[in-house]
$ cat input_30.txt   # compact mmCIF, C-alpha atoms
# COMPACT_ATOMS: atom_id res chain seq x y z
CA MET A 1 77.06 -6.19 -68.74
CA ASP A 2 75.90 -8.41 -71.60
CA ASP A 3 72.47 -7.20 -72.68
CA PRO A 4 70.55 -9.61 -74.95
CA ASP A 5 68.70 -6.62 -76.46
CA ALA A 6 71.81 -4.60 -77.42
CA ALA A 7 72.05 -6.02 -80.97
CA LEU A 8 68.35 -5.40 -81.62
CA LEU A 9 68.63 -1.81 -80.37
CA ALA A 10 71.56 -1.12 -82.68
CA ARG A 11 69.39 -2.25 -85.61
CA ILE A 12 66.38 -0.24 -84.39
CA ALA A 13 68.62 2.85 -84.22
CA VAL A 14 68.96 2.72 -88.02
CA GLY A 15 65.22 2.23 -88.43
CA ASP A 16 64.98 -1.56 -88.75
CA THR A 17 61.28 -2.24 -88.16
CA ARG A 18 61.76 -6.02 -88.07
CA ALA A 19 64.16 -5.64 -85.15
CA PHE A 20 61.56 -3.45 -83.44
CA ASP A 21 58.91 -6.17 -83.92
CA ARG A 22 61.23 -8.69 -82.29
CA LEU A 23 61.93 -6.36 -79.38
CA VAL A 24 58.19 -5.77 -78.88
CA SER A 25 57.47 -9.52 -78.99
CA ARG A 26 60.19 -10.14 -76.44
CA HIS A 27 58.96 -7.62 -73.85
CA ILE A 28 55.33 -6.72 -74.46
CA ASP A 29 53.69 -9.36 -72.25
CA ARG A 30 55.82 -8.41 -69.25
CA ILE A 31 55.25 -4.68 -69.72
CA VAL A 32 51.47 -5.11 -70.07
CA ALA A 33 51.41 -7.38 -67.01
CA PHE A 34 53.47 -4.88 -65.01
CA ALA A 35 51.26 -1.93 -65.96
CA GLN A 36 48.03 -3.87 -65.37
CA ARG A 37 49.11 -4.95 -61.89
CA MET A 38 50.20 -1.40 -61.12
CA LEU A 39 47.09 0.36 -62.48
CA GLY A 40 44.44 -2.33 -62.06
CA SER A 41 43.06 -1.60 -65.54
CA ARG A 42 43.73 -3.48 -68.77
CA GLU A 43 42.88 -0.51 -70.97
CA ASP A 44 45.32 1.80 -69.16
CA ALA A 45 47.97 -0.93 -69.18
CA GLU A 46 47.72 -1.21 -72.97
CA ASP A 47 48.03 2.58 -73.33
CA VAL A 48 51.12 2.50 -71.12
CA ALA A 49 52.65 -0.32 -73.21
CA GLN A 50 52.03 1.68 -76.38
CA GLU A 51 53.72 4.74 -74.88
CA VAL A 52 56.68 2.70 -73.60
CA PHE A 53 57.42 1.07 -76.96
CA LEU A 54 57.08 4.35 -78.84
CA LYS A 55 59.74 5.79 -76.51
CA ALA A 56 61.91 2.71 -77.11
CA TRP A 57 61.68 3.34 -80.87
CA GLN A 58 62.54 7.03 -80.49
CA TRP A 59 65.37 6.50 -77.99
CA ALA A 60 67.04 3.41 -79.47
CA GLY A 61 69.70 5.54 -81.18
CA ARG A 62 70.69 7.10 -77.88
CA TRP A 63 70.90 3.79 -76.05
CA ARG A 64 74.38 3.07 -74.65
CA PRO A 65 75.00 -0.60 -73.82
CA GLY A 66 76.64 -1.31 -70.47
CA GLN A 67 74.79 1.34 -68.46
CA ALA A 68 71.78 -0.76 -67.47
CA ARG A 69 69.81 -3.68 -68.86
CA PHE A 70 67.29 -2.57 -71.47
CA ALA A 71 64.52 -4.47 -69.61
CA THR A 72 65.28 -2.36 -66.53
CA TRP A 73 65.05 0.83 -68.60
CA LEU A 74 61.71 -0.31 -70.08
CA HIS A 75 60.30 -0.92 -66.60
CA THR A 76 61.49 2.53 -65.48
CA VAL A 77 59.69 4.15 -68.41
CA ALA A 78 56.58 2.04 -67.72
CA LEU A 79 56.57 3.01 -64.03
CA ASN A 80 56.84 6.71 -64.93
CA ALA A 81 53.96 6.34 -67.40
CA CYS A 82 51.87 4.67 -64.65
CA ARG A 83 52.71 7.52 -62.24
CA GLN A 84 51.62 10.10 -64.80
CA ARG A 85 48.31 8.29 -65.12
CA TRP A 86 47.83 8.30 -61.36
CA ARG A 87 48.37 12.03 -61.30
CA ARG A 88 45.83 12.55 -64.08
CA PHE A 89 43.17 10.07 -62.94
CA THR A 90 42.15 8.65 -59.60
CA PRO A 91 42.57 4.87 -59.75
CA GLN A 92 39.18 3.21 -59.97
CA THR A 93 38.22 0.24 -57.87
CA ASP A 94 37.14 -2.50 -60.16
CA GLU A 95 33.41 -2.95 -59.72
CA LEU A 96 33.55 -6.46 -61.05
CA SER A 97 36.24 -7.38 -58.53
CA ALA A 98 34.21 -5.89 -55.71
CA HIS A 99 31.21 -7.89 -56.88
CA LEU A 100 33.23 -11.09 -57.05
CA VAL A 101 34.47 -10.78 -53.47
CA SER A 102 31.69 -12.57 -51.78
CA PRO A 103 31.89 -14.16 -48.33
CA LEU A 104 30.03 -17.21 -49.63
CA PRO A 105 32.23 -19.98 -51.07
CA GLN A 106 31.34 -20.93 -54.67
CA PRO A 107 31.43 -24.54 -55.86
CA ASP A 108 32.87 -23.67 -59.28
CA ASP A 109 36.71 -23.86 -59.33
CA ALA A 110 37.11 -21.23 -62.06
CA LEU A 111 34.93 -18.77 -60.21
CA ASP A 112 36.86 -19.54 -57.03
CA ALA A 113 40.13 -18.75 -58.81
CA ASP A 114 38.63 -15.52 -60.19
CA MET A 115 37.53 -14.51 -56.71
CA GLN A 116 40.99 -15.18 -55.33
CA ALA A 117 42.60 -13.19 -58.16
CA ALA A 118 40.18 -10.31 -57.53
CA ARG A 119 41.07 -10.34 -53.83
CA VAL A 120 44.77 -10.19 -54.67
CA ARG A 121 44.14 -7.37 -57.15
CA GLN A 122 42.27 -5.38 -54.52
CA ALA A 123 44.90 -6.02 -51.89
CA LEU A 124 47.64 -4.84 -54.27
CA ALA A 125 45.60 -1.77 -55.20
CA ALA A 126 45.28 -0.90 -51.52
CA LEU A 127 49.06 -0.76 -51.07
CA PRO A 128 50.86 2.60 -51.26
CA GLU A 129 52.31 3.18 -54.75
CA ARG A 130 55.97 2.47 -53.97
CA GLN A 131 55.21 -0.67 -51.95
CA ARG A 132 53.04 -1.96 -54.80
CA ALA A 133 55.75 -1.21 -57.36
CA ALA A 134 58.39 -2.99 -55.26
CA MET A 135 56.09 -5.99 -54.79
CA VAL A 136 55.12 -6.26 -58.47
CA LEU A 137 58.72 -5.85 -59.65
CA SER A 138 60.10 -8.37 -57.20
CA HIS A 139 57.35 -11.01 -57.14
CA TYR A 140 55.79 -10.89 -60.62
CA GLN A 141 58.49 -9.40 -62.85
CA GLY A 142 61.33 -11.40 -61.30
CA MET A 143 63.55 -8.34 -60.81
CA SER A 144 66.41 -8.49 -58.33
CA ASN A 145 66.45 -6.00 -55.47
CA ILE A 146 69.30 -4.14 -57.21
CA GLU A 147 67.24 -3.77 -60.40
CA SER A 148 64.13 -2.78 -58.44
CA ALA A 149 66.18 -0.15 -56.62
CA GLU A 150 67.36 1.22 -59.95
CA ILE A 151 63.81 1.38 -61.33
CA LEU A 152 62.35 2.96 -58.20
CA ASP A 153 65.37 5.27 -57.83
CA VAL A 154 65.94 4.29 -54.20
CA SER A 155 68.60 2.30 -52.31
CA VAL A 156 68.54 -1.51 -52.09
CA GLU A 157 67.84 -1.20 -48.35
CA ALA A 158 64.80 0.95 -49.13
CA VAL A 159 63.53 -1.72 -51.55
CA GLU A 160 63.94 -4.39 -48.86
CA SER A 161 62.01 -2.21 -46.44
CA LEU A 162 59.24 -1.54 -48.99
CA LEU A 163 58.96 -5.27 -49.72
CA GLY A 164 58.81 -6.12 -46.02
CA ARG A 165 56.00 -3.63 -45.40
CA ALA A 166 54.12 -4.69 -48.54
CA ARG A 167 54.25 -8.39 -47.62
CA ARG A 168 53.12 -7.62 -44.09
CA SER A 169 50.10 -5.66 -45.35
CA LEU A 170 49.22 -8.33 -47.91
CA ARG A 171 49.55 -11.11 -45.32
CA GLN A 172 47.25 -9.27 -42.95
CA ARG A 173 44.66 -8.60 -45.62
CA LEU A 174 44.75 -11.75 -47.72
CA LEU A 175 45.53 -14.45 -45.18
CA ALA A 176 42.73 -13.38 -42.87
CA GLU A 177 40.25 -13.67 -45.76
CA HIS A 178 41.86 -16.91 -46.93
CA GLN A 179 41.57 -18.51 -43.48
CA THR A 180 37.95 -17.40 -43.16
CA LEU A 181 37.16 -18.91 -46.55
CA SER A 182 39.07 -22.12 -45.77
CA LYS A 183 37.01 -22.53 -42.63
CA CYS A 184 33.77 -21.92 -44.55
CA GLU A 185 34.80 -24.53 -47.15
CA ARG A 186 35.40 -27.10 -44.44
CA MET B 1 57.26 -15.05 -61.49
CA SER B 2 57.07 -18.01 -59.19
CA MET B 3 60.00 -20.37 -58.72
CA ASN B 4 57.68 -23.04 -57.35
CA PRO B 5 57.13 -26.32 -59.24
CA PRO B 6 53.58 -26.84 -60.64
CA ASP B 7 52.67 -29.47 -58.03
CA TYR B 8 53.87 -27.25 -55.19
CA ARG B 9 51.58 -27.19 -52.13
CA PRO B 10 52.43 -24.56 -49.55
CA ASP B 11 52.91 -25.46 -45.95
CA PRO B 12 49.65 -24.30 -44.33
CA ASP B 13 51.61 -23.12 -41.29
CA ASP B 14 53.98 -20.93 -43.31
CA PRO B 15 52.19 -17.62 -44.01
CA ASP B 16 54.84 -16.47 -46.51
CA LYS B 17 54.36 -19.54 -48.68
CA VAL B 18 50.57 -19.26 -48.51
CA LEU B 19 50.87 -15.60 -49.49
CA ASP B 20 53.10 -16.49 -52.46
CA GLN B 21 50.52 -19.01 -53.65
CA LEU B 22 47.68 -16.50 -53.28
CA LEU B 23 49.66 -13.89 -55.25
CA GLU B 24 50.15 -16.40 -58.07
CA SER B 25 46.38 -16.56 -58.57
CA TYR B 26 46.47 -13.02 -60.05
CA ARG B 27 47.33 -13.77 -63.65
CA VAL B 28 47.34 -11.36 -66.56
CA GLU B 29 46.36 -12.16 -70.15
CA PRO B 30 49.16 -11.87 -72.74
CA ALA B 31 49.13 -8.86 -75.08
CA SER B 32 46.57 -9.06 -77.88
CA ALA B 33 47.36 -8.98 -81.59
CA ALA B 34 45.39 -5.71 -81.78
CA LEU B 35 47.75 -4.05 -79.28
CA ARG B 36 50.80 -5.31 -81.18
CA ALA B 37 49.32 -3.87 -84.40
CA ARG B 38 48.60 -0.56 -82.64
CA ILE B 39 52.21 -0.31 -81.47
CA ARG B 40 53.51 -1.25 -84.91
CA GLY B 41 51.22 1.33 -86.52
CA GLN B 42 52.49 4.25 -84.45
CA ILE B 43 56.13 4.07 -85.56
CA ARG B 44 57.29 6.08 -88.55
CA PRO B 45 60.38 4.59 -90.21
CA GLY B 46 61.50 7.96 -91.76
CA TRP B 47 64.70 8.69 -93.70
CA ARG B 48 66.89 6.49 -91.53
CA HIS B 49 64.87 3.47 -92.55
CA ALA B 50 64.92 4.52 -96.24
CA LEU B 51 68.72 4.91 -96.10
CA HIS B 52 69.06 1.56 -94.36
CA GLU B 53 66.94 -0.15 -97.02
CA LEU B 54 68.96 1.51 -99.80
CA VAL B 55 72.24 0.39 -98.24
CA GLN B 56 70.88 -3.14 -97.88
CA ALA B 57 69.78 -3.11 -101.53
CA LEU B 58 73.29 -2.08 -102.59
CA GLY B 59 74.84 -4.98 -100.71
CA GLY B 60 75.09 -3.60 -97.18
CA TRP B 61 77.78 -1.46 -95.55
CA ARG B 62 80.41 -4.23 -95.92
CA VAL B 63 80.26 -3.78 -99.69
CA LEU B 64 79.28 -0.14 -99.88
CA ALA B 65 81.84 1.31 -97.42
CA PRO B 66 84.98 -0.08 -99.18
CA ALA B 67 83.50 0.94 -102.56
CA LEU B 68 82.93 4.51 -101.38
CA ALA B 69 86.38 4.70 -99.78
CA PHE B 70 88.01 3.39 -102.98
CA SER B 71 86.21 5.91 -105.21
CA LEU B 72 87.16 8.74 -102.85
CA CYS B 73 90.84 7.71 -102.94
CA LEU B 74 90.67 7.44 -106.71
CA GLY B 75 89.32 10.98 -106.90
CA VAL B 76 92.23 12.29 -104.82
CA VAL B 77 95.02 10.24 -106.40
CA MET B 78 94.12 10.40 -110.11
CA PRO B 79 94.86 14.13 -110.67
CA LEU B 80 98.25 13.63 -108.98
CA LEU B 81 99.16 10.69 -111.18
CA ALA B 82 97.98 12.23 -114.46
CA PRO B 83 100.63 14.04 -116.64
CA ALA B 84 100.68 17.84 -116.27
CA GLY B 85 99.48 18.45 -119.84
CA THR B 86 96.33 16.46 -119.31
CA ALA B 87 95.36 18.25 -116.14
CA SER B 88 92.01 19.88 -116.54
CA THR B 89 91.79 23.68 -116.59
CA ALA B 90 88.71 25.29 -115.17
CA LEU B 91 87.58 27.91 -117.68
CA SER B 92 85.50 29.93 -115.27
CA SER B 93 88.38 30.50 -112.87
CA ASP B 94 91.03 30.98 -115.49
CA SER B 95 92.31 34.39 -116.61
CA LEU B 96 92.66 33.20 -120.20
CA SER B 97 89.80 33.79 -122.51
CA LEU B 98 88.42 31.01 -124.66
CA TRP B 99 90.21 32.57 -127.67
CA GLU B 100 93.56 32.64 -125.91
CA LEU B 101 93.09 29.13 -124.54
CA GLY B 102 92.50 27.75 -127.99
CA GLN B 103 95.39 29.88 -129.29
CA LEU B 104 92.88 31.21 -131.82
CA SER B 105 94.03 34.81 -131.37
CA GLU B 106 97.45 33.83 -132.76
CA ASN B 107 95.90 32.22 -135.79
CA THR B 108 95.49 34.74 -138.58
CA GLU B 109 92.56 32.88 -140.00
CA PHE B 110 90.58 33.64 -136.91
CA ALA B 111 91.99 37.08 -136.22
CA LEU B 112 89.32 39.71 -135.71

$ encode --input "input_30.txt" --output "structure tokens"
Amino acid sequence: MDDPDAALLARIAVGDTRAFDRLVSRHIDRIVAFAQRMLGSREDAEDVAQEVFLKAWQWAGRWRPGQARFATWLHTVALNACRQRWRRFTPQTDELSAHLVSPLPQPDDALDADMQAARVRQALAALPERQRAAMVLSHYQGMSNIESAEILDVSVEAVESLLGRARRSLRQRLLAEHQTLSKCER
Amino acid sequence: MSMNPPDYRPDPDDPDKVLDQLLESYRVEPASAALRARIRGQIRPGWRHALHELVQALGGWRVLAPALAFSLCLGVVMPLLAPAGTASTALSSDSLSLWELGQLSENTEFAL
């Protein structure tokens, strides 16, 4: 398995901070996005990203190329950090999102997009943890089902099942609202 | 991560495609410079980094490793190649005293 991060990790293992900067630049946006969609909070997502990259720095010397892609390992660490946060804190429903979800259609396009994003965020937050993780990994992070299975520590069939249930729940929740809004707009 | 082209319009009768488009509306801001600085600030380079920098300053491992290997070989081979008379004698481990070693005890001028 040819990992594009293997050379950087070998340099990080001997304490090369420039290699670490490059590794962070390469992955940080995806890790923050993953954590934010999992936790629903930007602040928590940034804390998770900080924790994940500190672990990457500490563990680079023990990294063995060929076992798994480094990006997969990073997502596994990020998911575990998110789970620890769930155990410590109850996820909060975003008050702003709740406020933005209004049954009245708004003329402003930007506001409309914000409302739609808030609805998606709420629908994702309402999913059970593993369904949400499978959905975020597959849809937003572009992970294959094999990689998602590795991160979630389940079989590929279980990932397919989680995705099927997640999409069904999201369809029920989001499409009903979408159709109601579409009718209102007409 | 959508595979759809930018001008993609979902089929209104296909709920999966409409769902994909709705999910795409949830975008996340890229990481801020402050977060990158925070991450950079928490790492401690330590002795590994200092050693790495020293090795780099001395020309990197490609120069340093053969030089170290050569000096090690030299240290092993040189005593073997040197004539027996020139071999060094460790005074502390030797049974001869300094007087005997210098053959001073046989010299009447120095006789006690």

$ interface_residues --input "input_30.txt" --of "chain B" --to "chain A" --cutoff "7 Å" --atoms "only C-alpha atoms" --output "VMD selection string"
chain B and resid 1 19 23 25 to 26 28 30 to 31 35 39 43 45 48 to 49 52

$ closest_residue --input "input_30.txt" --among "A:Ile151, A:Ala60, A:Ala133, A:Ala19" --to "His75 in chain A" --atoms "all atoms listed in the file"
A:Ile151

$ axis_aligned_box --input "input_30.txt" --around "range 22-37 of chain A" --padding-each-side "3 Å" --output "JSON"
{"center_x": 55.0, "center_y": -6.0, "center_z": -72.1, "size_x": 19.9, "size_y": 14.2, "size_z": 26.4}

$ closest_residue --input "input_30.txt" --among "A:Cys82, A:Ala68, A:Leu74, A:Met135" --to "Val48 in chain A" --atoms "all atoms listed in the file"
A:Cys82

$ closest_residue --input "input_30.txt" --among "A:Leu8, A:Leu39, A:Asp44, A:Gln131" --to "Ala56 in chain A" --atoms "all atoms listed in the file"
A:Leu8

$ atom_distance --input "input_30.txt" --atom1 "CA of Ala166 in chain A" --atom2 "CA of Met38 in chain A"
13.6 Å

$ atom_distance --input "input_30.txt" --atom1 "CA of Trp73 in chain A" --atom2 "CA of Glu150 in chain A"
9.0 Å
